[in-house]
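This is input.txt. It holds compact mmCIF, C-alpha atoms.
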# COMPACT_ATOMS: atom_id res chain seq x y z
CA MET A 81 32.82 121.07 -21.02
CA ILE A 82 29.33 120.31 -19.83
CA ALA A 83 28.21 123.60 -18.40
CA HIS A 84 28.92 126.19 -20.99
CA PRO A 85 27.94 129.62 -19.79
CA GLY A 86 25.22 131.52 -21.55
CA LYS A 87 22.09 130.55 -23.37
CA SER A 88 22.62 126.86 -23.97
CA GLY A 89 23.69 126.25 -20.38
CA GLU A 90 20.64 128.00 -19.02
CA ALA A 91 18.39 126.19 -21.43
CA ARG A 92 19.86 122.88 -20.39
CA ASP A 93 19.18 123.43 -16.71
CA ARG A 94 15.61 124.46 -17.44
CA ARG A 95 14.90 121.51 -19.65
CA GLU A 96 16.37 118.72 -17.57
CA PRO A 97 13.63 116.19 -16.92
CA ALA A 98 11.86 116.53 -13.63
CA PRO A 99 13.22 114.02 -11.13
CA GLY A 100 11.06 111.15 -10.08
CA ARG A 101 12.36 111.17 -6.52
CA ARG A 102 13.86 113.57 -4.03
CA ARG A 103 17.60 113.68 -3.69
CA PRO A 104 18.43 115.52 -0.48
CA GLY A 105 22.17 115.33 -1.02
CA ARG A 106 22.16 116.60 -4.55
CA PRO A 107 24.66 119.36 -5.20
CA ARG A 108 23.32 122.76 -6.19
CA LEU A 109 22.75 122.92 -9.95
CA GLN A 110 22.89 126.70 -10.33
CA ALA A 111 26.66 126.88 -9.98
CA PRO A 112 28.13 123.39 -9.98
CA SER A 113 31.76 123.18 -8.92
CA VAL A 114 34.56 122.30 -11.28
CA GLU A 115 35.06 119.06 -9.35
CA TYR A 116 31.40 118.19 -9.71
CA LEU A 117 31.45 118.81 -13.45
CA GLU A 118 34.64 116.83 -13.91
CA ARG A 119 33.22 113.91 -12.00
CA ARG A 120 30.02 114.03 -14.03
CA SER A 121 32.09 114.15 -17.19
CA GLU A 122 33.89 110.97 -16.08
CA ILE A 123 30.54 109.35 -15.40
CA LEU A 124 29.30 110.25 -18.87
CA ALA A 125 32.40 108.80 -20.48
CA LYS A 126 32.00 105.59 -18.50
CA ALA A 127 28.27 105.44 -19.18
CA SER A 128 28.99 105.71 -22.90
CA GLU A 129 31.24 102.68 -22.67
CA VAL A 130 28.67 100.72 -20.68
CA PHE A 131 25.86 101.49 -23.11
CA ASP A 132 28.09 100.91 -26.12
CA ALA A 133 29.03 97.48 -24.78
CA ARG A 134 25.65 96.36 -23.46
CA GLY A 135 23.21 98.50 -25.40
CA TYR A 136 21.34 101.41 -23.91
CA ASP A 137 18.27 99.37 -23.07
CA ALA A 138 20.18 96.54 -21.43
CA GLY A 139 22.64 98.75 -19.56
CA THR A 140 21.57 99.98 -16.13
CA LEU A 141 22.53 102.75 -13.73
CA GLU A 142 23.88 99.97 -11.52
CA ASP A 143 26.22 98.97 -14.35
CA VAL A 144 27.41 102.56 -14.68
CA ALA A 145 27.90 102.91 -10.92
CA ALA A 146 29.81 99.62 -10.82
CA ALA A 147 32.02 100.69 -13.73
CA MET A 148 32.77 103.90 -11.81
CA GLY A 149 33.44 102.03 -8.59
CA MET A 150 30.59 104.01 -7.01
CA ARG A 151 27.43 103.06 -5.23
CA LYS A 152 24.22 103.77 -7.10
CA ALA A 153 23.23 106.22 -4.37
CA GLY A 154 26.39 108.18 -5.11
CA LEU A 155 25.59 108.21 -8.81
CA TYR A 156 22.30 109.97 -8.02
CA HIS A 157 24.28 113.02 -6.98
CA TYR A 158 25.16 113.40 -10.64
CA VAL A 159 22.34 111.90 -12.67
CA ARG A 160 18.70 111.73 -11.68
CA SER A 161 17.65 108.77 -13.77
CA LYS A 162 18.64 106.72 -16.76
CA SER A 163 16.73 109.01 -19.09
CA HIS A 164 18.47 112.01 -17.51
CA LEU A 165 21.77 110.25 -18.16
CA LEU A 166 20.82 109.77 -21.81
CA PHE A 167 19.93 113.43 -21.98
CA LEU A 168 23.33 114.35 -20.54
CA LEU A 169 25.07 112.10 -23.09
CA PHE A 170 23.25 113.81 -25.94
CA ASP A 171 24.06 117.17 -24.46
CA ARG A 172 27.72 116.18 -24.16
CA ALA A 173 27.84 114.96 -27.77
CA TRP A 174 26.48 118.27 -29.02
CA GLN A 175 28.79 120.27 -26.77
CA LEU A 176 31.82 118.35 -28.02
CA GLY A 177 30.70 118.84 -31.59
CA PHE A 178 30.34 122.59 -31.24
CA ASP A 179 33.53 122.89 -29.20
CA ARG A 180 35.56 121.14 -31.89
CA ILE A 181 34.21 123.10 -34.85
CA ALA A 182 34.05 126.43 -33.01
CA ASP A 183 36.87 128.11 -34.94
CA ILE A 184 36.17 126.55 -38.33
CA PRO A 185 33.47 128.92 -39.64
CA ALA A 186 36.06 131.72 -39.45
CA ILE A 187 38.28 129.97 -42.03
CA GLN A 188 37.98 132.10 -45.13
CA ASP A 189 39.03 129.62 -47.81
CA PRO A 190 35.93 127.50 -48.44
CA GLY A 191 37.92 124.42 -49.41
CA GLU A 192 40.03 124.59 -46.27
CA ARG A 193 36.90 125.20 -44.24
CA LEU A 194 35.12 122.17 -45.67
CA ALA A 195 38.25 120.04 -45.25
CA ALA A 196 38.54 121.14 -41.61
CA LEU A 197 34.92 120.19 -40.97
CA ILE A 198 35.42 116.76 -42.49
CA ARG A 199 38.61 116.06 -40.55
CA THR A 200 37.26 117.42 -37.30
CA HIS A 201 34.00 115.51 -37.41
CA VAL A 202 35.74 112.25 -38.32
CA THR A 203 38.26 112.69 -35.53
CA LEU A 204 35.63 113.54 -32.94
CA VAL A 205 33.45 110.55 -33.78
CA CYS A 206 36.44 108.18 -33.83
CA GLU A 207 37.80 109.49 -30.53
CA GLN A 208 34.39 109.37 -28.87
CA LYS A 209 33.14 106.27 -30.59
CA SER A 210 31.26 104.94 -27.58
CA LEU A 211 29.50 108.23 -26.98
CA PHE A 212 28.53 108.58 -30.63
CA THR A 213 27.38 104.99 -30.82
CA VAL A 214 24.83 105.92 -28.17
CA PHE A 215 24.13 109.29 -29.79
CA PHE A 216 23.64 108.06 -33.35
CA GLY A 217 22.05 104.77 -32.35
CA HIS A 218 19.12 106.31 -30.49
CA ARG A 219 16.21 108.54 -31.22
CA PRO A 220 14.93 109.09 -27.71
CA ARG A 221 12.01 111.38 -27.08
CA PHE A 222 13.08 113.98 -24.57
CA ASP A 223 10.66 116.50 -23.16
CA ASP A 224 9.50 119.28 -25.46
CA ALA A 225 12.03 121.82 -24.23
CA ALA A 226 14.93 119.45 -24.74
CA GLU A 227 13.64 118.37 -28.14
CA THR A 228 13.47 122.00 -29.19
CA VAL A 229 16.99 122.74 -28.03
CA PHE A 230 18.46 119.64 -29.67
CA ALA A 231 16.62 120.31 -32.93
CA GLU A 232 17.98 123.84 -32.91
CA ARG A 233 21.51 122.56 -32.32
CA GLU A 234 21.18 120.09 -35.16
CA ARG A 235 19.94 122.81 -37.48
CA ARG A 236 22.86 125.01 -36.48
CA TYR A 237 25.46 122.24 -36.83
CA VAL A 238 24.16 121.16 -40.22
CA GLY A 239 24.08 124.83 -41.22
CA VAL A 240 27.83 125.15 -40.70
CA PHE A 241 28.37 122.23 -43.10
CA ALA A 242 25.78 123.52 -45.57
CA ARG A 243 27.41 126.94 -45.81
CA ALA A 244 30.80 125.31 -46.35
CA VAL A 245 29.37 123.13 -49.14
CA ARG A 246 27.65 126.13 -50.72
CA ASP A 247 30.76 128.31 -50.56
CA ALA A 248 33.02 125.53 -51.85
CA GLY A 249 30.55 124.96 -54.69
CA GLU A 250 30.49 128.65 -55.58
CA ALA A 251 34.27 128.67 -55.58
CA GLY A 252 34.28 125.69 -57.94
CA LEU A 253 36.03 123.49 -55.39
CA VAL A 254 33.25 120.92 -55.26
CA PRO A 255 30.44 120.25 -57.71
CA ALA A 256 27.45 122.52 -57.27
CA VAL A 257 24.90 120.57 -55.24
CA ASP A 258 22.03 121.50 -52.99
CA PRO A 259 23.87 122.79 -49.88
CA LEU A 260 21.65 120.95 -47.43
CA GLN A 261 21.90 117.65 -49.28
CA GLY A 262 25.62 118.14 -49.67
CA ALA A 263 25.87 118.80 -45.94
CA MET A 264 23.93 115.64 -45.13
CA ALA A 265 26.12 113.68 -47.56
CA ILE A 266 29.24 114.81 -45.74
CA ILE A 267 27.79 114.46 -42.26
CA GLY A 268 26.66 110.95 -43.20
CA MET A 269 30.04 110.01 -44.62
CA THR A 270 31.90 111.32 -41.59
CA SER A 271 29.45 110.19 -38.90
CA TRP A 272 29.27 106.65 -40.27
CA VAL A 273 32.80 106.00 -38.99
CA TYR A 274 31.19 105.22 -35.63
CA LYS A 275 30.15 101.92 -37.22
CA TRP A 276 33.49 100.83 -38.59
CA TYR A 277 36.40 102.75 -37.09
CA GLU A 278 38.61 100.51 -34.98
CA PRO A 279 41.62 101.72 -33.01
CA GLY A 280 44.67 100.03 -34.48
CA GLY A 281 43.38 100.25 -38.06
CA ALA A 282 43.40 103.36 -40.20
CA THR A 283 43.82 106.42 -37.97
CA PRO A 284 41.24 109.21 -37.83
CA GLN A 285 43.85 111.32 -39.63
CA GLN A 286 44.15 108.80 -42.47
CA ILE A 287 40.40 108.43 -42.75
CA GLY A 288 39.96 112.20 -42.75
CA ASP A 289 42.65 112.57 -45.41
CA ASP A 290 40.91 110.11 -47.71
CA PHE A 291 37.50 111.70 -47.15
CA VAL A 292 38.89 115.16 -47.90
CA ARG A 293 40.55 113.76 -51.00
CA LEU A 294 37.32 112.15 -52.12
CA VAL A 295 35.30 115.35 -51.70
CA LEU A 296 37.88 117.99 -52.60
CA GLY A 297 40.65 115.96 -54.16
CA ARG A 298 40.73 117.21 -57.69
CA ARG A 299 41.52 120.66 -58.92
CA PRO A 300 38.43 122.04 -60.61
CA ALA A 301 38.33 122.67 -64.32
CA GLY A 302 36.66 126.00 -63.59
CA PRO A 303 34.34 127.84 -61.23
CA ALA A 304 31.28 126.16 -62.71
CA GLY A 305 32.54 122.77 -61.47
CA MET B 104 12.04 87.85 -51.80
CA ILE B 105 12.70 86.12 -48.52
CA ALA B 106 13.50 82.61 -49.59
CA HIS B 107 16.06 82.84 -52.31
CA PRO B 108 17.02 79.47 -53.57
CA GLY B 109 20.54 78.26 -53.15
CA LYS B 110 23.19 78.80 -50.61
CA SER B 111 21.93 81.82 -48.74
CA GLY B 112 18.44 80.38 -48.40
CA GLU B 113 19.77 77.12 -47.04
CA ALA B 114 22.12 78.92 -44.73
CA ARG B 115 19.26 80.97 -43.41
CA ASP B 116 17.17 77.99 -42.53
CA ARG B 117 20.09 76.34 -40.80
CA ARG B 118 21.01 79.40 -38.81
CA GLU B 119 17.59 80.43 -37.59
CA PRO B 120 17.70 80.51 -33.81
CA ALA B 121 16.42 77.39 -32.12
CA PRO B 122 12.87 77.94 -30.96
CA GLY B 123 12.28 78.20 -27.24
CA ARG B 124 8.89 76.52 -27.47
CA ARG B 125 7.08 74.00 -29.59
CA ARG B 126 4.78 75.32 -32.27
CA PRO B 127 2.59 72.44 -33.39
CA GLY B 128 0.81 74.46 -36.08
CA ARG B 129 3.91 75.86 -37.65
CA PRO B 130 4.09 75.44 -41.42
CA ARG B 131 6.87 73.32 -42.85
CA LEU B 132 10.04 75.37 -43.28
CA GLN B 133 11.70 73.19 -45.91
CA ALA B 134 9.50 74.40 -48.74
CA PRO B 135 7.32 77.26 -47.60
CA SER B 136 4.51 78.17 -49.96
CA VAL B 137 4.39 81.39 -51.93
CA GLU B 138 1.42 82.51 -49.83
CA TYR B 139 3.32 81.81 -46.64
CA LEU B 140 6.31 83.82 -47.80
CA GLU B 141 4.16 86.70 -48.99
CA ARG B 142 2.35 86.83 -45.70
CA ARG B 143 5.64 86.76 -43.81
CA SER B 144 6.92 89.54 -46.03
CA GLU B 145 3.87 91.63 -45.09
CA ILE B 146 4.53 90.91 -41.44
CA LEU B 147 8.14 92.04 -41.79
CA ALA B 148 7.07 95.27 -43.47
CA LYS B 149 4.55 95.95 -40.73
CA ALA B 150 7.01 94.99 -38.00
CA SER B 151 9.50 97.49 -39.45
CA GLU B 152 6.92 100.22 -39.10
CA VAL B 153 6.05 99.20 -35.56
CA PHE B 154 9.67 99.14 -34.44
CA ASP B 155 10.48 102.33 -36.32
CA ALA B 156 7.61 104.11 -34.56
CA ARG B 157 8.02 102.64 -31.07
CA GLY B 158 11.62 101.51 -31.01
CA TYR B 159 12.66 97.88 -31.19
CA ASP B 160 12.89 97.46 -27.45
CA ALA B 161 9.51 99.03 -26.71
CA GLY B 162 7.67 97.37 -29.60
CA THR B 163 6.21 93.95 -28.92
CA LEU B 164 5.00 90.98 -30.94
CA GLU B 165 1.52 91.92 -29.71
CA ASP B 166 1.97 95.32 -31.38
CA VAL B 167 3.00 93.65 -34.62
CA ALA B 168 0.07 91.21 -34.47
CA ALA B 169 -2.33 94.07 -33.74
CA ALA B 170 -0.94 96.10 -36.64
CA MET B 171 -1.51 93.07 -38.88
CA GLY B 172 -5.00 92.50 -37.55
CA MET B 173 -3.85 89.07 -36.39
CA ARG B 174 -3.84 87.29 -33.08
CA LYS B 175 -0.44 86.74 -31.55
CA ALA B 176 -0.96 82.99 -31.84
CA GLY B 177 -1.35 83.47 -35.59
CA LEU B 178 1.85 85.47 -35.76
CA TYR B 179 3.73 82.50 -34.29
CA HIS B 180 3.10 80.63 -37.51
CA TYR B 181 5.51 83.06 -39.14
CA VAL B 182 7.93 84.22 -36.47
CA ARG B 183 9.10 82.25 -33.48
CA SER B 184 10.05 85.08 -31.20
CA LYS B 185 10.91 88.75 -31.21
CA SER B 186 14.59 87.97 -31.72
CA HIS B 187 13.68 85.69 -34.63
CA LEU B 188 11.68 88.58 -36.07
CA LEU B 189 14.70 90.85 -35.78
CA PHE B 190 16.77 88.20 -37.49
CA LEU B 191 14.24 88.04 -40.32
CA LEU B 192 14.30 91.83 -40.66
CA PHE B 193 18.08 91.82 -40.96
CA ASP B 194 17.88 88.99 -43.45
CA ARG B 195 15.31 90.91 -45.47
CA ALA B 196 17.42 94.06 -45.45
CA TRP B 197 20.40 92.16 -46.82
CA GLN B 198 18.29 90.34 -49.39
CA LEU B 199 16.83 93.60 -50.65
CA GLY B 200 20.29 95.13 -50.81
CA PHE B 201 21.71 92.29 -52.88
CA ASP B 202 18.61 92.07 -55.06
CA ARG B 203 18.83 95.74 -55.97
CA ILE B 204 22.53 95.82 -56.79
CA ALA B 205 22.57 92.40 -58.44
CA ASP B 206 23.17 93.66 -61.98
CA ILE B 207 25.45 96.56 -61.11
CA PRO B 208 28.81 94.75 -60.88
CA ALA B 209 28.40 93.88 -64.57
CA ILE B 210 28.43 97.55 -65.60
CA GLN B 211 31.76 98.02 -67.32
CA ASP B 212 32.19 101.79 -67.03
CA PRO B 213 33.48 102.32 -63.48
CA GLY B 214 31.91 105.77 -63.20
CA GLU B 215 28.52 104.49 -64.25
CA ARG B 216 28.92 101.54 -61.95
CA LEU B 217 29.73 103.72 -58.94
CA ALA B 218 26.88 106.10 -59.81
CA ALA B 219 24.46 103.18 -60.04
CA LEU B 220 25.54 101.92 -56.63
CA ILE B 221 25.03 105.36 -55.09
CA ARG B 222 21.60 105.85 -56.64
CA THR B 223 20.44 102.33 -55.89
CA HIS B 224 21.51 102.33 -52.26
CA VAL B 225 19.95 105.76 -51.64
CA THR B 226 16.70 104.70 -53.26
CA LEU B 227 16.52 101.44 -51.36
CA VAL B 228 17.12 103.05 -47.97
CA CYS B 229 14.61 105.83 -48.69
CA GLU B 230 11.96 103.41 -49.89
CA GLN B 231 12.51 101.06 -46.97
CA LYS B 232 13.23 103.71 -44.38
CA SER B 233 11.46 101.89 -41.55
CA LEU B 234 13.28 98.65 -42.23
CA PHE B 235 16.65 100.36 -42.45
CA THR B 236 15.98 102.38 -39.32
CA VAL B 237 15.74 99.05 -37.52
CA PHE B 238 18.66 97.60 -39.46
CA PHE B 239 21.10 100.48 -39.01
CA GLY B 240 19.92 101.36 -35.52
CA HIS B 241 20.71 98.01 -33.97
CA ARG B 242 23.70 95.83 -33.36
CA PRO B 243 21.99 92.70 -32.10
CA ARG B 244 23.99 89.64 -31.27
CA PHE B 245 22.60 86.75 -33.25
CA ASP B 246 23.85 83.25 -32.80
CA ASP B 247 27.27 82.42 -34.18
CA ALA B 248 26.00 80.97 -37.45
CA ALA B 249 23.88 84.03 -38.18
CA GLU B 250 26.69 86.39 -37.18
CA THR B 251 29.01 84.60 -39.58
CA VAL B 252 26.55 84.79 -42.45
CA PHE B 253 25.74 88.47 -41.87
CA ALA B 254 29.42 89.37 -41.55
CA GLU B 255 30.08 87.60 -44.82
CA ARG B 256 27.25 89.48 -46.52
CA GLU B 257 28.54 92.78 -45.23
CA ARG B 258 32.03 91.99 -46.49
CA ARG B 259 30.58 91.07 -49.88
CA TYR B 260 28.35 94.15 -50.12
CA VAL B 261 31.15 96.50 -49.10
CA GLY B 262 33.39 94.72 -51.58
CA VAL B 263 31.13 95.67 -54.48
CA PHE B 264 31.46 99.34 -53.48
CA ALA B 265 35.20 99.04 -52.84
CA ARG B 266 35.86 97.60 -56.29
CA ALA B 267 33.81 100.38 -57.88
CA VAL B 268 35.77 103.02 -55.93
CA ARG B 269 39.06 101.38 -56.87
CA ASP B 270 38.15 101.10 -60.56
CA ALA B 271 36.80 104.65 -60.70
CA GLY B 272 40.00 105.85 -59.05
CA GLU B 273 42.18 103.97 -61.53
CA ALA B 274 40.15 105.48 -64.37
CA GLY B 275 40.72 108.95 -62.91
CA LEU B 276 37.01 109.46 -62.32
CA VAL B 277 37.37 109.95 -58.59
CA PRO B 278 40.43 110.83 -56.53
CA ALA B 279 42.61 107.88 -55.69
CA VAL B 280 41.69 106.82 -52.16
CA ASP B 281 41.92 103.61 -50.20
CA PRO B 282 39.13 101.52 -51.78
CA LEU B 283 37.76 100.26 -48.48
CA GLN B 284 37.69 103.72 -46.91
CA GLY B 285 36.18 105.13 -50.06
CA ALA B 286 33.54 102.41 -49.97
CA MET B 287 32.72 103.18 -46.35
CA ALA B 288 32.55 106.90 -47.18
CA ILE B 289 29.99 106.23 -49.87
CA ILE B 290 28.04 103.66 -47.90
CA GLY B 291 27.95 106.11 -45.00
CA MET B 292 26.81 108.99 -47.18
CA THR B 293 24.09 106.93 -48.81
CA SER B 294 22.94 104.97 -45.76
CA TRP B 295 22.64 108.10 -43.62
CA VAL B 296 19.54 109.12 -45.58
CA TYR B 297 17.59 106.83 -43.24
CA LYS B 298 18.02 109.59 -40.65
CA TRP B 299 16.81 112.52 -42.70
CA TYR B 300 14.89 111.48 -45.81
CA GLU B 301 11.26 112.48 -45.59
CA PRO B 302 8.65 111.64 -48.24
CA GLY B 303 7.44 114.89 -49.73
CA GLY B 304 10.87 116.54 -49.58
CA ALA B 305 13.70 115.86 -52.00
CA THR B 306 13.04 112.60 -53.84
CA PRO B 307 15.43 109.65 -53.69
CA GLN B 308 16.22 110.46 -57.31
CA GLN B 309 17.16 114.06 -56.47
CA ILE B 310 19.23 112.98 -53.50
CA GLY B 311 20.97 110.34 -55.60
CA ASP B 312 21.65 112.87 -58.34
CA ASP B 313 23.32 115.25 -55.91
CA PHE B 314 25.36 112.49 -54.30
CA VAL B 315 26.56 111.25 -57.68
CA ARG B 316 27.42 114.83 -58.62
CA LEU B 317 29.35 115.30 -55.39
CA VAL B 318 31.39 112.13 -55.87
CA LEU B 319 31.73 112.02 -59.65
CA GLY B 320 30.63 115.46 -60.72
CA ARG B 321 33.71 116.91 -62.26
CA ARG B 322 35.60 115.76 -65.26
CA PRO B 323 39.05 114.72 -64.15
CA ALA B 324 42.14 116.63 -65.17
CA GLY B 325 43.81 113.32 -65.87
CA PRO B 326 44.07 109.69 -64.83
CA ALA B 327 46.08 110.61 -61.74
CA GLY B 328 43.12 112.44 -60.33
Could you express the structure from this file as structure tokens?
Amino acid sequence: MIAHPGKSGEARDRREPAPGRRRPGRPRLQAPSVEYLERRSEILAKASEVFDARGYDAGTLEDVAAAMGMRKAGLYHYVRSKSHLLFLLFDRAWQLGFDRIADIPAIQDPGERLAALIRTHVTLVCEQKSLFTVFFGHRPRFDDAAETVFAERERRYVGVFARAVRDAGEAGLVPAVDPLQGAMAIIGMTSWVYKWYEPGGATPQQIGDDFVRLVLGRRPAGPAG
Amino acid sequence: MIAHPGKSGEARDRREPAPGRRRPGRPRLQAPSVEYLERRSEILAKASEVFDARGYDAGTLEDVAAAMGMRKAGLYHYVRSKSHLLFLLFDRAWQLGFDRIADIPAIQDPGERLAALIRTHVTLVCEQKSLFTVFFGHRPRFDDAAETVFAERERRYVGVFARAVRDAGEAGLVPAVDPLQGAMAIIGMTSWVYKWYEPGGATPQQIGDDFVRLVLGRRPAGPAG
């Protein structure tokens, strides 16, 4: 989940912030084991909860270690610093996003494709509310390499939505709007659930259904919209 | 702008956090002068910019005073503490929101009413991007009285959108969706511009036009949507 092979994985290792201290016991980063990655994934999930509950600025690595039942020294085998942890959380959010929508661009019907994007994004944000509360609630300044990679991912993610909006517009399934603005409208609508979704209320499925209905609900009068 | 007469103004004065220190030179709060309120309004605008640029946690009252060309001691005539300043920024954001939409609930046509809400909210957030970056980017814990007042305002603001969604749905102008979820969809879509609007790109008017088109763009086939 964290260490995808290929370009983005390599880029991530290169751009991780330089550590401020030596960590003799740190596992090799070139080919981390499955166990190592799983453990780090658990740490990221727990860190999301800690930062969601206490705020990123108030939460500490000690809090994360305590929530994991680990000593802080043990945590350093997985994260180098609090800013490295924030980087890993952002990386995880993007990875989850791309994992979930991976098959959607191949959907031929533009209405079904747009509906799948809406449902998938809503579900992801609801299911990972703590992570996305950290992700959406912060605009950290990573180093230049990381900023470049994240900006590229954002451009690519938004592009998937923009093409779906454009194609659905051309097919007369949604009103013809600027594809980028339409994409940001839908990403805003679906991301905003991190602020109000509560387990036990409307389910991600119900929310997604209503959002799809709102955007695509009516049969068009014609291709011109 | 800040000190509306009536209930909300009184409630604000009551719920301001108790000061942690004495401020002998502090102006009377019962009936602040127009000049005092204007100056405080300028401070809030400048503070929004400071916190937008540096982050709320990194920005300091010294930064705000410096940006105002004031000494910090002078700033204490207007704000008691950094948390009081954040409270005032939240208060200002809500006041602006209610000021802008004040006349909209009276619009009879539900489509026009919903369109006006979309355009107005987009324009407000774009125009006050720094303020809303602070407002949307934080979930501070104010004291109980302030939390109660802000929660009530949120409920009321969302309610205006929910009634417009409900009425537009009943009129067949938008698909029939749960009014609250529809309201949150539209508030999410329109609030999210704080993350991507840039002066010099698409104008608030153009963004609002596209959003209205996306939500209300097509003529309905019939009242059932």
Can you check which parts of chain A lie within 8 Å of chain B? Per residue, the shortest pair of atoms and distance in Å to one decimal, counting all atoms listed in the file, sorted by chain and number, as JSON lines.
{"residue": "A:Asp137", "atom": "CA", "partner": "B:Asp160", "partner_atom": "CA", "distance": 7.2}
{"residue": "A:Phe216", "atom": "CA", "partner": "B:Gly240", "partner_atom": "CA", "distance": 8.0}
{"residue": "A:Gly217", "atom": "CA", "partner": "B:Gly240", "partner_atom": "CA", "distance": 5.1}
{"residue": "A:His218", "atom": "CA", "partner": "B:Gly240", "partner_atom": "CA", "distance": 7.1}
{"residue": "A:Val254", "atom": "CA", "partner": "B:Leu317", "partner_atom": "CA", "distance": 6.8}
{"residue": "A:Pro255", "atom": "CA", "partner": "B:Leu317", "partner_atom": "CA", "distance": 5.6}
{"residue": "A:Ala256", "atom": "CA", "partner": "B:Leu317", "partner_atom": "CA", "distance": 7.7}
{"residue": "A:Val257", "atom": "CA", "partner": "B:Asp313", "partner_atom": "CA", "distance": 5.6}
{"residue": "A:Asp258", "atom": "CA", "partner": "B:Asp313", "partner_atom": "CA", "distance": 7.0}
{"residue": "A:Gln261", "atom": "CA", "partner": "B:Ile310", "partner_atom": "CA", "distance": 6.8}
{"residue": "A:Gly262", "atom": "CA", "partner": "B:Asp313", "partner_atom": "CA", "distance": 7.3}
{"residue": "A:Met264", "atom": "CA", "partner": "B:Met292", "partner_atom": "CA", "distance": 7.5}
{"residue": "A:Ala265", "atom": "CA", "partner": "B:Met292", "partner_atom": "CA", "distance": 4.8}
{"residue": "A:Ile266", "atom": "CA", "partner": "B:Met292", "partner_atom": "CA", "distance": 6.5}
{"residue": "A:Ile267", "atom": "CA", "partner": "B:Met292", "partner_atom": "CA", "distance": 7.4}
{"residue": "A:Gly268", "atom": "CA", "partner": "B:Met292", "partner_atom": "CA", "distance": 4.4}
{"residue": "A:Met269", "atom": "CA", "partner": "B:Met292", "partner_atom": "CA", "distance": 4.2}
{"residue": "A:Thr270", "atom": "CA", "partner": "B:Ala288", "partner_atom": "CA", "distance": 7.2}
{"residue": "A:Ser271", "atom": "CA", "partner": "B:Gly291", "partner_atom": "CA", "distance": 7.5}
{"residue": "A:Trp272", "atom": "CA", "partner": "B:Gly291", "partner_atom": "CA", "distance": 4.9}
{"residue": "A:Val273", "atom": "CA", "partner": "B:Gly291", "partner_atom": "CA", "distance": 7.7}
{"residue": "A:Ile287", "atom": "CA", "partner": "B:Gln284", "partner_atom": "CA", "distance": 6.8}
{"residue": "A:Asp290", "atom": "CA", "partner": "B:Val280", "partner_atom": "CA", "distance": 5.6}
{"residue": "A:Phe291", "atom": "CA", "partner": "B:Ala288", "partner_atom": "CA", "distance": 6.9}
{"residue": "A:Arg293", "atom": "CA", "partner": "B:Pro278", "partner_atom": "CA", "distance": 6.3}
{"residue": "A:Leu294", "atom": "CA", "partner": "B:Pro278", "partner_atom": "CA", "distance": 5.6}
{"residue": "A:Val295", "atom": "CA", "partner": "B:Val318", "partner_atom": "CA", "distance": 6.6}
{"residue": "A:Gly297", "atom": "CA", "partner": "B:Pro278", "partner_atom": "CA", "distance": 5.7}
{"residue": "A:Arg298", "atom": "CA", "partner": "B:Gly328", "partner_atom": "CA", "distance": 6.0}
{"residue": "A:Arg299", "atom": "CA", "partner": "B:Ala324", "partner_atom": "CA", "distance": 7.5}
{"residue": "A:Pro300", "atom": "CA", "partner": "B:Arg321", "partner_atom": "CA", "distance": 7.2}
{"residue": "A:Ala301", "atom": "CA", "partner": "B:Ala324", "partner_atom": "CA", "distance": 7.2}
{"residue": "A:Gly305", "atom": "CA", "partner": "B:Arg321", "partner_atom": "CA", "distance": 6.0}
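Nearest residue to A:Ala145, choosing from A:Arg221, A:Lys126, A:Arg160, A:Arg246 and counting all atoms listed in the file: A:Lys126.
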Query raised in the report: For the atom pair atom CA of B:Asp270 and atom CA of A:Ala196, what is the interatomic distance in Å to one decimal place?
Result: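 A separation of 27.6 Å between them.
Ranking B:Phe193, B:Arg174, B:Val182, B:Glu165 by their shortest atom-to-atom distance to B:Arg256, with only C-alpha atoms included, puts B:Phe193 first.
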Could you give me the centre and size, in Å to one decimal, of an axis-aligned box around all listed atoms of stretch 251-265 of chain A with 8 Å added on every side, as JSON?
{"center_x": 28.8, "center_y": 121.2, "center_z": -51.5, "size_x": 30.4, "size_y": 31.0, "size_z": 28.8}
Please return stretch 145-150 of chain B, rebuilt to N, CA and C atoms, as a PDB file, keeping the file's coordinate frame.
ATOM      1  N   GLU B 145       4.750  90.557 -45.594  1.00  0.00           N
ATOM      2  CA  GLU B 145       3.870  91.630 -45.090  1.00  0.00           C
ATOM      3  C   GLU B 145       4.108  91.872 -43.599  1.00  0.00           C
ATOM      4  N   ILE B 146       4.290  90.786 -42.880  1.00  0.00           N
ATOM      5  CA  ILE B 146       4.530  90.910 -41.440  1.00  0.00           C
ATOM      6  C   ILE B 146       5.836  91.666 -41.187  1.00  0.00           C
ATOM      7  N   LEU B 147       6.848  91.359 -41.979  1.00  0.00           N
ATOM      8  CA  LEU B 147       8.140  92.040 -41.790  1.00  0.00           C
ATOM      9  C   LEU B 147       8.007  93.532 -42.094  1.00  0.00           C
ATOM     10  N   ALA B 148       7.263  93.859 -43.135  1.00  0.00           N
ATOM     11  CA  ALA B 148       7.070  95.270 -43.470  1.00  0.00           C
ATOM     12  C   ALA B 148       6.341  95.983 -42.333  1.00  0.00           C
ATOM     13  N   LYS B 149       5.319  95.331 -41.816  1.00  0.00           N
ATOM     14  CA  LYS B 149       4.550  95.950 -40.730  1.00  0.00           C
ATOM     15  C   LYS B 149       5.395  96.029 -39.455  1.00  0.00           C
ATOM     16  N   ALA B 150       6.150  94.984 -39.192  1.00  0.00           N
ATOM     17  CA  ALA B 150       7.010  94.990 -38.000  1.00  0.00           C
ATOM     18  C   ALA B 150       8.033  96.118 -38.073  1.00  0.00           C
TER      19      ALA B 150
END
